[in-house]
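To keep things clear, I will list the structure first and then write my remarks on it.
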Amino acid sequence: MKNIDYTVFPSDAVKNFVCENGKLKNILTGQEYSLFILPMCQVIPLAAARLLELFVNSGGRLLIMDALPEYAMSREEDGQVREIFREMLKKPGVTFMENICDAGAAAAWLEENLNRELEIISGIRENKSTCRYYPSWVIDPYIHDGEDMDGIYYCCYGNKVQKLYFMVNYTRDIQTLTVKLHGPSAPEIWDPMTGEIKGARILEKKGSTCLLEIQLPAGYGIFLVTAKEHPEDISGS
């Protein structure tokens, strides 16, 4: 809803990550993460707890919601998990929120700590993707009847040379947005419906940061494309 990208972190992926300069780095893809949310987690493998300990100690920021982990995958390791998280709570980069339902507070924490490379300055900034409706008889629905996706949605994908932001207008009207974008190259607009590629309309440019004006027709999406700051890496947030 807040247009914040995230990746679900399975515990068996721990072996693919190292800590570098306050970030978790995937050694297979090069993707990096500076923020981590641990929601409703009372049980955590000791290896994952140690990885998060390294992450926090190197400058990473961790949000724990609802419960502090107490158990490992074996009783012999429970005490180590408890000690790791008791010590982590004393670190300035760790925040604990008791109310797991307070998504607004979690989003505010993310906004405070994020360094966004793309931000909508004026125009609709959110989408109501959390306002879903399922008939009472549906348990695991594939068809959403009456779902309200009204608003603007965007997500980011990075490959070795480019960053691509997919922006969609879910409203019934043309939307004009002012967008701040950080990148080393002049951004382009790629139209997936027509195949057209054109330069974005730049309102202002300061260094590697541009202010852009983008018009999105109703029910339409485009790719906003810029080169990567460091093409040898695949970076994420």
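Residue numbers start at 1 in each chain; chains themselves are named A, B, ... in the order of the structure tokens; ligands are numbered from 1 in the order shown.
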
**Message:** Using DSSP assignments from the backbone, pull out every residue in range 121-228 of chain A that falls under strand (DSSP E) and give it to me as an MDAnalysis selection string.
**Reply:** chainID A and resid 121:122 152:158 162:169 175:182 188:190 197:199 201:206 209:216 220:227

Restricting to only C-alpha atoms, whichever of A:Lys228, A:Arg125, A:Arg61, A:Arg86 is closest to Val168 in chain A is A:Arg125

- Task: Write out as a list in words the residues lying within 9 Å of range 71-85 of chain A, counting only C-alpha atoms and excluding same-chain residues fewer than 3 positions away.
- Result: Gln42, Val43, Ile44, Pro45, Leu46, Ala49, Arg50, Glu53, Leu68, Met88, Leu89 and Lys90 of chain A

Dump of C-alpha atoms for the selected residues, as a PDB file, in the first residue's frame:
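Result file part_13.pdb:
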ATOM      1  CA  GLN A  42       9.136 -16.820  18.548  1.00  0.00           C
ATOM      2  CA  VAL A  43      11.053 -19.640  16.863  1.00  0.00           C
ATOM      3  CA  ILE A  44      14.142 -18.946  14.740  1.00  0.00           C
ATOM      4  CA  PRO A  45      17.082 -21.148  13.667  1.00  0.00           C
ATOM      5  CA  LEU A  46      20.252 -20.281  15.556  1.00  0.00           C
ATOM      6  CA  ALA A  49      19.722 -15.403  14.779  1.00  0.00           C
ATOM      7  CA  ARG A  50      23.506 -15.165  14.446  1.00  0.00           C
ATOM      8  CA  GLU A  53      23.239 -10.353  15.205  1.00  0.00           C
ATOM      9  CA  LEU A  68      10.951 -11.588  20.941  1.00  0.00           C
ATOM     10  CA  MET A  88      20.298  -7.032  20.431  1.00  0.00           C
ATOM     11  CA  LEU A  89      17.475  -5.115  22.124  1.00  0.00           C
ATOM     12  CA  LYS A  90      20.158  -2.919  23.696  1.00  0.00           C
TER      13      LYS A  90
END

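Considering the residues A:Ile202, A:Val179, A:Leu224, A:Leu114 and counting only C-alpha atoms, Lys163 in chain A has its shortest atom-to-atom contact with A:Leu224.
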
Inset, instruction - Looking only at alpha helix (DSSP H) from DSSP on the backbone, list the matching residues of range 13-131 of chain A as number ranges by chain. - result: A: 46-57, 75-88, 103-113

Take the residues that were just selected and, keeping N, CA, C and O atoms, output them as a short mmCIF file (atom, residue, chain, number, x, y, z; two decimals), in the first residue's frame.
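Generated output (again31.cif):
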data_model
loop_
_atom_site.label_atom_id
_atom_site.label_comp_id
_atom_site.auth_asym_id
_atom_site.auth_seq_id
_atom_site.Cartn_x
_atom_site.Cartn_y
_atom_site.Cartn_z
N LEU A 46 19.12 -20.98 14.95
CA LEU A 46 20.25 -20.28 15.56
C LEU A 46 21.12 -19.60 14.49
O LEU A 46 21.62 -18.49 14.71
N ALA A 47 21.28 -20.22 13.33
CA ALA A 47 22.09 -19.62 12.26
C ALA A 47 21.49 -18.30 11.80
O ALA A 47 22.21 -17.34 11.52
N ALA A 48 20.14 -18.24 11.72
CA ALA A 48 19.48 -17.00 11.32
C ALA A 48 19.63 -15.93 12.40
O ALA A 48 19.82 -14.75 12.10
N ALA A 49 19.54 -16.35 13.67
CA ALA A 49 19.72 -15.40 14.78
C ALA A 49 21.13 -14.82 14.76
O ALA A 49 21.32 -13.62 14.96
N ARG A 50 22.12 -15.65 14.49
CA ARG A 50 23.51 -15.17 14.45
C ARG A 50 23.74 -14.23 13.26
O ARG A 50 24.50 -13.27 13.35
N LEU A 51 23.08 -14.53 12.12
CA LEU A 51 23.20 -13.65 10.96
C LEU A 51 22.62 -12.28 11.28
O LEU A 51 23.22 -11.24 10.96
N LEU A 52 21.45 -12.22 11.94
CA LEU A 52 20.84 -10.95 12.30
C LEU A 52 21.69 -10.21 13.35
O LEU A 52 21.76 -8.99 13.35
N GLU A 53 22.34 -10.97 14.22
CA GLU A 53 23.24 -10.35 15.21
C GLU A 53 24.39 -9.66 14.49
O GLU A 53 24.75 -8.51 14.82
N LEU A 54 24.99 -10.31 13.51
CA LEU A 54 26.07 -9.71 12.73
C LEU A 54 25.56 -8.48 11.98
O LEU A 54 26.24 -7.45 11.91
N PHE A 55 24.36 -8.60 11.42
CA PHE A 55 23.73 -7.51 10.67
C PHE A 55 23.58 -6.27 11.55
O PHE A 55 23.97 -5.16 11.17
N VAL A 56 23.02 -6.44 12.74
CA VAL A 56 22.80 -5.32 13.66
C VAL A 56 24.13 -4.75 14.15
O VAL A 56 24.32 -3.53 14.20
N ASN A 57 25.07 -5.62 14.48
CA ASN A 57 26.37 -5.16 14.98
C ASN A 57 27.17 -4.41 13.92
O ASN A 57 28.05 -3.60 14.26
N ARG A 75 16.19 -27.72 21.58
CA ARG A 75 16.18 -27.19 22.95
C ARG A 75 17.58 -26.77 23.39
O ARG A 75 17.73 -25.82 24.16
N GLU A 76 18.60 -27.48 22.91
CA GLU A 76 19.96 -27.18 23.31
C GLU A 76 20.40 -25.78 22.88
O GLU A 76 21.32 -25.19 23.47
N GLU A 77 19.74 -25.23 21.85
CA GLU A 77 20.14 -23.92 21.32
C GLU A 77 19.21 -22.79 21.75
O GLU A 77 19.45 -21.62 21.43
N ASP A 78 18.13 -23.11 22.50
CA ASP A 78 17.16 -22.09 22.91
C ASP A 78 17.82 -20.97 23.70
O ASP A 78 17.53 -19.78 23.46
N GLY A 79 18.69 -21.33 24.64
CA GLY A 79 19.32 -20.31 25.48
C GLY A 79 20.16 -19.34 24.68
O GLY A 79 20.18 -18.13 24.97
N GLN A 80 20.83 -19.84 23.64
CA GLN A 80 21.66 -18.96 22.80
C GLN A 80 20.80 -17.95 22.04
O GLN A 80 21.17 -16.78 21.90
N VAL A 81 19.65 -18.42 21.53
CA VAL A 81 18.74 -17.53 20.81
C VAL A 81 18.23 -16.43 21.74
O VAL A 81 18.22 -15.25 21.38
N ARG A 82 17.81 -16.81 22.95
CA ARG A 82 17.30 -15.82 23.90
C ARG A 82 18.37 -14.78 24.22
O ARG A 82 18.10 -13.58 24.27
N GLU A 83 19.59 -15.23 24.45
CA GLU A 83 20.68 -14.32 24.80
C GLU A 83 21.00 -13.37 23.65
O GLU A 83 21.22 -12.17 23.85
N ILE A 84 21.00 -13.88 22.42
CA ILE A 84 21.30 -13.05 21.24
C ILE A 84 20.30 -11.91 21.14
O ILE A 84 20.68 -10.74 20.96
N PHE A 85 19.02 -12.21 21.30
CA PHE A 85 18.00 -11.17 21.11
C PHE A 85 17.88 -10.25 22.32
O PHE A 85 17.54 -9.07 22.17
N ARG A 86 18.17 -10.75 23.52
CA ARG A 86 18.21 -9.87 24.68
C ARG A 86 19.30 -8.82 24.52
O ARG A 86 19.11 -7.64 24.84
N GLU A 87 20.45 -9.24 24.01
CA GLU A 87 21.55 -8.30 23.79
C GLU A 87 21.26 -7.36 22.62
O GLU A 87 21.62 -6.18 22.67
N MET A 88 20.61 -7.87 21.59
CA MET A 88 20.30 -7.03 20.43
C MET A 88 19.33 -5.91 20.78
O MET A 88 19.40 -4.82 20.20
N ALA A 103 0.27 -1.58 11.10
CA ALA A 103 1.05 -1.50 9.86
C ALA A 103 1.53 -0.08 9.60
O ALA A 103 2.58 0.13 9.01
N GLY A 104 0.74 0.90 10.05
CA GLY A 104 1.13 2.30 9.87
C GLY A 104 2.43 2.62 10.58
O GLY A 104 3.29 3.33 10.05
N ALA A 105 2.59 2.09 11.80
CA ALA A 105 3.82 2.34 12.56
C ALA A 105 5.01 1.65 11.89
O ALA A 105 6.11 2.20 11.84
N ALA A 106 4.79 0.45 11.37
CA ALA A 106 5.86 -0.25 10.67
C ALA A 106 6.25 0.51 9.40
O ALA A 106 7.45 0.65 9.09
N ALA A 107 5.26 1.02 8.67
CA ALA A 107 5.54 1.80 7.46
C ALA A 107 6.30 3.08 7.80
O ALA A 107 7.21 3.48 7.08
N ALA A 108 5.92 3.71 8.92
CA ALA A 108 6.62 4.93 9.35
C ALA A 108 8.08 4.63 9.69
O ALA A 108 8.98 5.42 9.38
N TRP A 109 8.32 3.48 10.33
CA TRP A 109 9.70 3.07 10.63
C TRP A 109 10.50 2.87 9.35
O TRP A 109 11.65 3.30 9.24
N LEU A 110 9.88 2.22 8.37
CA LEU A 110 10.55 2.00 7.09
C LEU A 110 10.86 3.32 6.39
O LEU A 110 11.97 3.53 5.90
N GLU A 111 9.87 4.22 6.36
CA GLU A 111 10.07 5.52 5.70
C GLU A 111 11.20 6.31 6.38
O GLU A 111 11.99 6.97 5.71
N GLU A 112 11.27 6.22 7.69
CA GLU A 112 12.29 6.96 8.44
C GLU A 112 13.69 6.46 8.12
O GLU A 112 14.66 7.22 8.11
N ASN A 113 13.80 5.16 7.85
CA ASN A 113 15.11 4.55 7.67
C ASN A 113 15.47 4.26 6.21
O ASN A 113 16.62 3.90 5.93
#

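The coordinates place CA of Lys180 in chain A at 28.8 Å from CA of Thr95 in chain A.
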
Counting only C-alpha atoms, closest pick from A:Pro217, A:Gly30, A:Pro10, A:Gly199 relative to Ser185 in chain A is A:Gly199

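By only C-alpha atoms, and with residues fewer than 4 positions from Tyr220 in chain A along its chain excluded, the set lying at most 10 Å from it is Met167, Val168, Asn169, Tyr170, Thr171, Arg172, Ile174, Asp191, Pro192, Met193 and Leu216 of chain A.
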
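Considering only C-alpha atoms, the residue among A:Met149, A:Gln31, A:Ser11, A:Thr178 positioned nearest to Ile124 in chain A is A:Thr178.
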